[in-house]
$ cat run-v6.cif   # mmCIF, N, CA and C atoms
data_coords
loop_
_atom_site.label_atom_id
_atom_site.label_comp_id
_atom_site.auth_asym_id
_atom_site.auth_seq_id
_atom_site.Cartn_x
_atom_site.Cartn_y
_atom_site.Cartn_z
N MET A 1 221.72 -111.43 90.53
CA MET A 1 222.54 -112.00 89.48
C MET A 1 221.69 -112.20 88.23
N LEU A 2 222.32 -112.19 87.10
CA LEU A 2 221.65 -112.31 85.83
C LEU A 2 221.76 -113.71 85.26
N LEU A 3 221.00 -113.92 84.20
CA LEU A 3 221.08 -115.16 83.44
C LEU A 3 221.48 -114.82 82.02
N ASN A 4 222.49 -115.49 81.54
CA ASN A 4 222.87 -115.41 80.13
C ASN A 4 222.59 -116.75 79.50
N VAL A 5 221.98 -116.73 78.32
CA VAL A 5 221.69 -117.96 77.61
C VAL A 5 222.32 -117.87 76.23
N ASP A 6 223.28 -118.74 75.99
CA ASP A 6 223.85 -118.87 74.65
C ASP A 6 223.10 -119.98 73.95
N SER A 7 222.59 -119.68 72.77
CA SER A 7 221.87 -120.67 71.99
C SER A 7 222.51 -120.79 70.62
N PHE A 8 222.78 -122.02 70.23
CA PHE A 8 223.35 -122.25 68.91
C PHE A 8 222.93 -123.62 68.40
N VAL A 9 222.97 -123.78 67.09
CA VAL A 9 222.55 -125.02 66.44
C VAL A 9 223.77 -125.67 65.81
N VAL A 10 223.91 -126.98 66.05
CA VAL A 10 224.94 -127.79 65.42
C VAL A 10 224.22 -128.93 64.72
N ASP A 11 224.25 -128.91 63.39
CA ASP A 11 223.49 -129.88 62.58
C ASP A 11 222.01 -129.78 62.96
N THR A 12 221.46 -130.84 63.57
CA THR A 12 220.04 -130.80 63.95
C THR A 12 219.86 -130.72 65.47
N LYS A 13 220.94 -130.37 66.18
CA LYS A 13 220.89 -130.24 67.64
C LYS A 13 220.98 -128.77 68.02
N GLN A 14 220.04 -128.32 68.86
CA GLN A 14 220.09 -126.96 69.38
C GLN A 14 220.54 -127.02 70.83
N VAL A 15 221.54 -126.20 71.16
CA VAL A 15 222.13 -126.17 72.49
C VAL A 15 221.74 -124.87 73.18
N PHE A 16 221.33 -125.00 74.43
CA PHE A 16 221.07 -123.84 75.29
C PHE A 16 222.04 -123.93 76.45
N LYS A 17 223.00 -123.02 76.50
CA LYS A 17 224.00 -123.01 77.57
C LYS A 17 223.59 -121.94 78.57
N LEU A 18 223.25 -122.36 79.78
CA LEU A 18 222.76 -121.46 80.83
C LEU A 18 223.91 -121.00 81.71
N ASN A 19 223.95 -119.71 81.98
CA ASN A 19 225.02 -119.16 82.82
C ASN A 19 224.39 -118.15 83.78
N GLY A 20 224.47 -118.44 85.09
CA GLY A 20 223.93 -117.52 86.09
C GLY A 20 222.83 -118.16 86.90
N VAL A 21 221.73 -117.42 87.05
CA VAL A 21 220.62 -117.83 87.90
C VAL A 21 219.35 -117.91 87.07
N LEU A 22 218.67 -119.07 87.14
CA LEU A 22 217.38 -119.24 86.46
C LEU A 22 216.30 -119.26 87.53
N ASP A 23 215.72 -118.08 87.79
CA ASP A 23 214.67 -117.96 88.80
C ASP A 23 213.60 -116.99 88.33
N TYR A 24 212.70 -116.62 89.22
CA TYR A 24 211.58 -115.75 88.87
C TYR A 24 212.02 -114.42 88.28
N SER A 25 213.19 -113.93 88.67
CA SER A 25 213.64 -112.62 88.20
C SER A 25 214.35 -112.69 86.85
N THR A 26 214.75 -113.89 86.42
CA THR A 26 215.50 -114.01 85.17
C THR A 26 214.84 -114.91 84.14
N VAL A 27 213.76 -115.58 84.49
CA VAL A 27 213.18 -116.58 83.60
C VAL A 27 212.78 -115.99 82.25
N ASP A 28 212.42 -114.72 82.20
CA ASP A 28 212.05 -114.10 80.93
C ASP A 28 213.24 -113.97 79.99
N THR A 29 214.45 -113.99 80.53
CA THR A 29 215.66 -113.97 79.72
C THR A 29 215.79 -115.25 78.92
N PHE A 30 215.26 -116.32 79.45
CA PHE A 30 215.35 -117.63 78.84
C PHE A 30 214.23 -117.76 77.80
N ASP A 31 214.41 -117.10 76.68
CA ASP A 31 213.39 -117.03 75.63
C ASP A 31 213.50 -118.26 74.74
N PHE A 32 213.25 -119.39 75.32
CA PHE A 32 213.40 -120.67 74.63
C PHE A 32 212.53 -120.77 73.38
N PHE A 33 211.29 -120.32 73.49
CA PHE A 33 210.34 -120.53 72.39
C PHE A 33 210.73 -119.79 71.12
N ASN A 34 211.20 -118.56 71.24
CA ASN A 34 211.57 -117.79 70.06
C ASN A 34 212.93 -118.17 69.50
N LYS A 35 213.73 -118.89 70.29
CA LYS A 35 215.06 -119.28 69.83
C LYS A 35 215.12 -120.69 69.28
N THR A 36 214.06 -121.48 69.48
CA THR A 36 214.07 -122.87 69.04
C THR A 36 213.72 -122.97 67.56
N LYS A 37 214.57 -123.65 66.85
CA LYS A 37 214.35 -123.88 65.42
C LYS A 37 213.47 -125.12 65.25
N GLU A 38 212.50 -125.03 64.35
CA GLU A 38 211.59 -126.16 64.14
C GLU A 38 212.26 -127.36 63.51
N SER A 39 213.41 -127.16 62.90
CA SER A 39 214.10 -128.25 62.21
C SER A 39 214.94 -129.12 63.14
N VAL A 40 215.06 -128.76 64.41
CA VAL A 40 215.91 -129.54 65.30
C VAL A 40 215.24 -130.85 65.70
N THR A 41 216.08 -131.85 65.91
CA THR A 41 215.60 -133.15 66.38
C THR A 41 216.12 -133.47 67.77
N GLU A 42 216.98 -132.58 68.27
CA GLU A 42 217.56 -132.77 69.59
C GLU A 42 217.80 -131.42 70.25
N LEU A 43 217.45 -131.33 71.52
CA LEU A 43 217.71 -130.13 72.32
C LEU A 43 218.65 -130.51 73.45
N GLU A 44 219.64 -129.68 73.67
CA GLU A 44 220.58 -129.91 74.77
C GLU A 44 220.55 -128.70 75.68
N VAL A 45 220.33 -128.94 76.96
CA VAL A 45 220.37 -127.86 77.96
C VAL A 45 221.60 -128.10 78.81
N ASP A 46 222.52 -127.14 78.75
CA ASP A 46 223.79 -127.24 79.45
C ASP A 46 223.71 -126.43 80.74
N PHE A 47 223.75 -127.13 81.86
CA PHE A 47 223.64 -126.52 83.19
C PHE A 47 225.00 -126.26 83.83
N SER A 48 226.09 -126.50 83.13
CA SER A 48 227.41 -126.48 83.75
C SER A 48 227.78 -125.13 84.36
N GLU A 49 227.20 -124.04 83.88
CA GLU A 49 227.52 -122.73 84.44
C GLU A 49 226.31 -122.10 85.14
N LEU A 50 225.31 -122.92 85.45
CA LEU A 50 224.13 -122.44 86.17
C LEU A 50 224.42 -122.46 87.66
N ASP A 51 224.22 -121.31 88.31
CA ASP A 51 224.50 -121.19 89.74
C ASP A 51 223.32 -121.57 90.62
N PHE A 52 222.09 -121.34 90.12
CA PHE A 52 220.90 -121.56 90.94
C PHE A 52 219.69 -121.70 90.04
N ILE A 53 218.75 -122.54 90.45
CA ILE A 53 217.46 -122.68 89.77
C ILE A 53 216.37 -122.80 90.83
N ASP A 54 215.25 -122.09 90.64
CA ASP A 54 214.12 -122.21 91.56
C ASP A 54 212.94 -122.83 90.82
N SER A 55 211.77 -122.84 91.47
CA SER A 55 210.60 -123.50 90.87
C SER A 55 210.17 -122.84 89.57
N THR A 56 210.36 -121.55 89.43
CA THR A 56 210.02 -120.88 88.18
C THR A 56 210.95 -121.35 87.07
N GLY A 57 212.21 -121.50 87.39
CA GLY A 57 213.18 -122.02 86.42
C GLY A 57 212.86 -123.45 86.03
N ILE A 58 212.45 -124.24 86.99
CA ILE A 58 212.07 -125.62 86.69
C ILE A 58 210.84 -125.63 85.77
N GLY A 59 209.94 -124.69 85.99
CA GLY A 59 208.79 -124.55 85.09
C GLY A 59 209.23 -124.29 83.66
N ALA A 60 210.27 -123.48 83.48
CA ALA A 60 210.80 -123.21 82.15
C ALA A 60 211.39 -124.48 81.54
N ILE A 61 212.06 -125.28 82.36
CA ILE A 61 212.62 -126.54 81.87
C ILE A 61 211.49 -127.49 81.47
N LEU A 62 210.41 -127.52 82.24
CA LEU A 62 209.26 -128.36 81.88
C LEU A 62 208.63 -127.91 80.57
N SER A 63 208.63 -126.61 80.33
CA SER A 63 208.13 -126.09 79.05
C SER A 63 208.97 -126.60 77.89
N ILE A 64 210.27 -126.69 78.11
CA ILE A 64 211.16 -127.25 77.08
C ILE A 64 210.76 -128.69 76.78
N LEU A 65 210.49 -129.45 77.82
CA LEU A 65 210.11 -130.85 77.62
C LEU A 65 208.81 -130.97 76.84
N HIS A 66 207.84 -130.14 77.16
CA HIS A 66 206.57 -130.16 76.44
C HIS A 66 206.77 -129.76 74.98
N SER A 67 207.56 -128.73 74.74
CA SER A 67 207.82 -128.29 73.37
C SER A 67 208.57 -129.35 72.59
N ALA A 68 209.54 -129.99 73.24
CA ALA A 68 210.29 -131.06 72.58
C ALA A 68 209.36 -132.20 72.19
N SER A 69 208.42 -132.49 73.04
CA SER A 69 207.45 -133.53 72.75
C SER A 69 206.66 -133.17 71.48
N ASN A 70 206.26 -131.91 71.39
CA ASN A 70 205.52 -131.45 70.20
C ASN A 70 206.37 -131.50 68.94
N LEU A 71 207.69 -131.28 69.08
CA LEU A 71 208.61 -131.30 67.95
C LEU A 71 209.14 -132.71 67.66
N ASN A 72 208.76 -133.67 68.49
CA ASN A 72 209.32 -135.02 68.41
C ASN A 72 210.85 -134.98 68.52
N ALA A 73 211.34 -134.14 69.40
CA ALA A 73 212.78 -133.96 69.59
C ALA A 73 213.23 -134.61 70.90
N LYS A 74 214.45 -135.04 70.90
CA LYS A 74 215.10 -135.61 72.07
C LYS A 74 215.65 -134.46 72.92
N VAL A 75 215.70 -134.65 74.25
CA VAL A 75 216.26 -133.63 75.14
C VAL A 75 217.36 -134.25 75.98
N ASN A 76 218.49 -133.56 76.03
CA ASN A 76 219.60 -133.99 76.89
C ASN A 76 219.92 -132.88 77.87
N PHE A 77 220.06 -133.25 79.14
CA PHE A 77 220.53 -132.34 80.17
C PHE A 77 222.00 -132.69 80.41
N VAL A 78 222.88 -131.70 80.30
CA VAL A 78 224.31 -131.95 80.53
C VAL A 78 224.84 -130.95 81.54
N GLY A 79 225.93 -131.33 82.20
CA GLY A 79 226.61 -130.43 83.12
C GLY A 79 225.84 -130.11 84.39
N MET A 80 224.94 -131.01 84.80
CA MET A 80 224.14 -130.76 85.99
C MET A 80 224.96 -131.03 87.25
N SER A 81 224.84 -130.12 88.22
CA SER A 81 225.47 -130.36 89.52
C SER A 81 224.68 -131.45 90.25
N ASP A 82 225.29 -132.03 91.26
CA ASP A 82 224.59 -133.04 92.06
C ASP A 82 223.34 -132.45 92.71
N ASP A 83 223.43 -131.19 93.16
CA ASP A 83 222.27 -130.55 93.79
C ASP A 83 221.12 -130.40 92.79
N THR A 84 221.43 -130.00 91.56
CA THR A 84 220.38 -129.85 90.55
C THR A 84 219.79 -131.20 90.19
N LYS A 85 220.63 -132.22 90.06
CA LYS A 85 220.13 -133.57 89.78
C LYS A 85 219.18 -134.03 90.88
N GLN A 86 219.58 -133.80 92.13
CA GLN A 86 218.75 -134.22 93.26
C GLN A 86 217.43 -133.46 93.27
N LEU A 87 217.47 -132.16 92.99
CA LEU A 87 216.25 -131.36 92.93
C LEU A 87 215.33 -131.86 91.82
N PHE A 88 215.87 -132.11 90.64
CA PHE A 88 215.06 -132.60 89.52
C PHE A 88 214.48 -133.97 89.84
N ASP A 89 215.25 -134.80 90.53
CA ASP A 89 214.77 -136.12 90.91
C ASP A 89 213.65 -136.01 91.94
N THR A 90 213.84 -135.16 92.93
CA THR A 90 212.83 -134.98 93.99
C THR A 90 211.52 -134.45 93.43
N ILE A 91 211.61 -133.49 92.53
CA ILE A 91 210.40 -132.87 91.96
C ILE A 91 209.76 -133.77 90.91
N GLY A 92 210.54 -134.65 90.31
CA GLY A 92 210.00 -135.57 89.31
C GLY A 92 210.23 -135.14 87.87
N VAL A 93 211.18 -134.22 87.65
CA VAL A 93 211.45 -133.74 86.29
C VAL A 93 211.91 -134.89 85.40
N PHE A 94 212.75 -135.77 85.92
CA PHE A 94 213.24 -136.88 85.10
C PHE A 94 212.11 -137.83 84.72
N GLU A 95 211.18 -138.04 85.63
CA GLU A 95 210.02 -138.89 85.33
C GLU A 95 209.11 -138.25 84.28
N ILE A 96 208.93 -136.94 84.39
CA ILE A 96 208.14 -136.21 83.41
C ILE A 96 208.81 -136.30 82.03
N LYS A 97 210.12 -136.13 82.02
CA LYS A 97 210.90 -136.24 80.78
C LYS A 97 210.71 -137.62 80.17
N LYS A 98 210.82 -138.63 80.97
CA LYS A 98 210.66 -140.00 80.50
C LYS A 98 209.25 -140.24 79.97
N SER A 99 208.27 -139.72 80.67
CA SER A 99 206.88 -139.89 80.27
C SER A 99 206.56 -139.18 78.96
N LEU A 100 207.02 -137.93 78.84
CA LEU A 100 206.72 -137.14 77.65
C LEU A 100 207.51 -137.58 76.43
N LEU A 101 208.77 -137.95 76.64
CA LEU A 101 209.68 -138.19 75.53
C LEU A 101 210.11 -139.64 75.37
N GLY A 102 209.71 -140.46 76.34
CA GLY A 102 210.10 -141.87 76.27
C GLY A 102 211.57 -142.10 76.45
N GLU A 103 212.21 -141.22 77.20
CA GLU A 103 213.65 -141.35 77.43
C GLU A 103 213.95 -141.11 78.91
N GLY A 104 215.11 -141.55 79.34
CA GLY A 104 215.52 -141.39 80.74
C GLY A 104 216.23 -140.13 81.01
#
$ encode --input "run-v6.cif" --output "structure tokens"
Amino acid sequence: MLLNVDSFVVDTKQVFKLNGVLDYSTVDTFDFFNKTKESVTELEVDFSELDFIDSTGIGAILSILHSASNLNAKVNFVGMSDDTKQLFDTIGVFEIKKSLLGEG
């Protein structure tokens, strides 16, 4: 399965809408760095149409958190399934987010 990423900016918020599978075979499709505008103050990652994420995909999400920290931008995760929330909680993604960005 493939990954489609729709990226668009609304005011100072950049949205990344993920659709499909974010894993080792598709992570290169998620070209977050070249699509992120330096003027944004908020990043939103929409997981509502994400079917699967593995450790490589989580690594990409952690990269977003580090980049957001460098941009002094806020990050919101929306549309997460219960399984994805549990995985992020187990791995510590939410704690990393809180530590890097000072947010929950």
$ resolve_selection --input "run-v6.cif" --expression "the PyMOL selection byres ((chain A and resi 51) around 7)" --output "VMD selection string"
chain A and resid 18 to 22 47 to 50 52 to 53
$ atom_distance --input "run-v6.cif" --atom1 "atom C of A:Asn4" --atom2 "atom CA of A:Lys17"
6.7 Å
$ atom_distance --input "run-v6.cif" --atom1 "atom N of A:Ile61" --atom2 "atom CA of A:Asp23"
10.1 Å
$ select_by_dssp --input "run-v6.cif" --residues "chain A" --states "strand (DSSP E or B)" --output "ChimeraX atom specification"
/A:3-10,13-22,42-53,74-78
$ axis_aligned_box --input "run-v6.cif" --around "stretch 45-56 of chain A" --padding-each-side "8 Å" --output "lines of an AutoDock Vina configuration file"
center_x = 218.9
center_y = -124.9
center_z = 84.3
size_x = 33.8
size_y = 24.1
size_z = 30.6
$ residues_around --input "run-v6.cif" --residues "A:Leu43" --least-positions-apart "6" --cutoff "6 Å" --atoms "only N, CA and C atoms" --output "list in words"
Lys13, Gln14, Val15, Ala73, Lys74, Val75 and Asn76 of chain A
$ write_last_selection --input "run-v6.cif" --atoms "N, CA and C atoms" --output "PDB file, in the frame of the given file"
ATOM      1  N   LYS A  13     220.940-130.370  66.180  1.00  0.00           N
ATOM      2  CA  LYS A  13     220.890-130.240  67.640  1.00  0.00           C
ATOM      3  C   LYS A  13     220.980-128.770  68.020  1.00  0.00           C
ATOM      4  N   GLN A  14     220.040-128.320  68.860  1.00  0.00           N
ATOM      5  CA  GLN A  14     220.090-126.960  69.380  1.00  0.00           C
ATOM      6  C   GLN A  14     220.540-127.020  70.830  1.00  0.00           C
ATOM      7  N   VAL A  15     221.540-126.200  71.160  1.00  0.00           N
ATOM      8  CA  VAL A  15     222.130-126.170  72.490  1.00  0.00           C
ATOM      9  C   VAL A  15     221.740-124.870  73.180  1.00  0.00           C
ATOM     10  N   ALA A  73     211.340-134.140  69.400  1.00  0.00           N
ATOM     11  CA  ALA A  73     212.780-133.960  69.590  1.00  0.00           C
ATOM     12  C   ALA A  73     213.230-134.610  70.900  1.00  0.00           C
ATOM     13  N   LYS A  74     214.450-135.040  70.900  1.00  0.00           N
ATOM     14  CA  LYS A  74     215.100-135.610  72.070  1.00  0.00           C
ATOM     15  C   LYS A  74     215.650-134.460  72.920  1.00  0.00           C
ATOM     16  N   VAL A  75     215.700-134.650  74.250  1.00  0.00           N
ATOM     17  CA  VAL A  75     216.260-133.630  75.140  1.00  0.00           C
ATOM     18  C   VAL A  75     217.360-134.250  75.980  1.00  0.00           C
ATOM     19  N   ASN A  76     218.490-133.560  76.030  1.00  0.00           N
ATOM     20  CA  ASN A  76     219.600-133.990  76.890  1.00  0.00           C
ATOM     21  C   ASN A  76     219.920-132.880  77.870  1.00  0.00           C
TER      22      ASN A  76
END
$ select_by_dssp --input "run-v6.cif" --residues "chain A" --states "helix (DSSP H, G or I)" --output "PyMOL selection string"
chain A and resi 27-29+32-35+55-71+82-91+93-101
$ closest_residue --input "run-v6.cif" --among "A:Leu65, A:Asn70, A:Phe16, A:Thr26" --to "A:Glu44" --atoms "only N, CA and C atoms"
A:Phe16
$ resolve_selection --input "run-v6.cif" --expression "the PyMOL selection byres ((chain A and resi 24) around 7)" --output "PyMOL selection string"
chain A and resi 22-23+25-28+54-57
$ atom_distance --input "run-v6.cif" --atom1 "atom N of A:Lys37" --atom2 "atom CA of A:Asp82"
28.7 Å
$ closest_residue --input "run-v6.cif" --among "A:Thr41, A:Phe8, A:Lys35, A:Phe30" --to "A:Ala68" --atoms "only N, CA and C atoms"
A:Thr41
$ closest_residue --input "run-v6.cif" --among "A:Val9, A:Ile64, A:Leu71, A:Ile58" --to "A:Glu38" --atoms "only N, CA and C atoms"
A:Leu71
$ closest_residue --input "run-v6.cif" --among "A:Thr29, A:Asp11, A:Leu3, A:Gly59" --to "A:Glu42" --atoms "all atoms listed in the file"
A:Asp11
$ closest_residue --input "run-v6.cif" --among "A:Leu100, A:Ala60, A:Val10, A:Val45" --to "A:Met80" --atoms "only N, CA and C atoms"
A:Val45
